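Below you'll find the structure, written out as structure tokens, and then a few comments.
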Amino acid sequence: GAGINELVADGCGMAGKDPGKLTYCQSDRRQPPTYALLGDSHAGALFPALVRRSADQERWMLVGKSACVPALGIMRLATLDAYDARECASAAENLVHAVAANPNVKAVVIFTAARVTGTLTPELSEGRTIRYARAGSLKADPDAVAIGLSATIALLAAAGKHVVLGIDNPSLPDPMDCVRNIKGFGLQVNPACSISRAQADADYRNYRALIADLEHRNPQLSVFDPTDLLCPDAQCRLVNNGLSFYSYSDHLSDIGGDIVAHALIAFLHQKQPG
């Protein structure tokens with residue numbers, strides 16, 4: 001098949017807005033996209049598989065900014081080194097309104113790294129404590145992300161979009177520390193680089209509480225959870241049956257992305273209203 005670069009073009013329907021501030025602004029060039037994927041680098045890792053698996057009249061666009069939650073009306077307090085909190089906030093504002101106003105887009109899928117939501121321990125957040133405040137305040141608010149993502153979901157739903165929230169993949173050690181490709185032996189994996197499903201769920205307890213809170217606040221929201229696919233037989237491994245599910249740090253590989261994309265497209269068909 002065609003390579004991903006032949007299938008996608010720069011541009012994501014942000015006419016008049018500055019896409020230069022976005023890390024991700026791409027669309028399938030074959031047809032105007034009917035699905036929009038919003039998020040950060042975790043959305044970026046999944047996008048190529050969605051494009052490759054997409055069917056006629058069901059093309060995708062990717063809109064987002066690295067390490068930024070597409071949440072309205074909130075501001076990150078502990079800024080990540082390279083990312084300005086104000087740029088995250090304005091990118092979210094621009095991209096959410098642009099996608100809401102795009103008449104071709106029928107469904108919006110939000111995929112954001114759990115570690116940028118402020119719900120994980122510093123060990124699982126690249127050593128950082130990530131906190132948010134509501135816009136105009138400097139006071140950390142534990143509900144800020146739920147409020148901000150709810151505002152995003154409500155705006156998109158009011159524009160007639162079916163909104164889906166994807167649950168992030170488990171946080172495993174970096175494949176660079178885990179997997180060696182040894183000539184004649186294939187992939188050799190450090191056994192410390194797999195965690196039990198119980199451990200994965202414990203790591204994400206507060207993150208899953210955030211998802212439950214979002215479902216409660218937004219009854220129209222659909223939640224897509226690929227964890228069972230990524231943790232077969234209750235074990236979350238980097239490599240399954242000789243295939244690496246992850247590429248770098250906690251990002252899905254083409255193989256991992258393809259497994260999630262296949263299930264997500266089926267989920268959208270099943271949940272699609274009308």
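By order in the structure tokens, chains are A, B, ...; within a chain, residues start at 1; ligands start at 1, following the order shown.
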
I want to know what sits within 10 Å of A:Val260, based on only C-alpha atoms, with residues of the same chain fewer than 3 positions away left out; could you give that as a ChimeraX atom specification? /A:46,49-50,166,169,224-227,229-230,252,254-257,263-265

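For the set A:His269, A:Lys65, A:Arg29, A:Arg76, the residue with the smallest atom-to-atom gap to A:His42 is A:Lys65, counting only C-alpha atoms.
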
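Atom pair atom CA of A:Thr119 / atom CA of A:Asp203 has a distance of 9.5 Å (rounded to one decimal).
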
Quick one: everything within 7 Å of stretch 206-223 of chain A, counting only C-alpha atoms, minus sequence neighbours fewer than 6 positions away in the same chain. Send it as a ChimeraX atom specification. /A:114,119-120,146,150,163-166
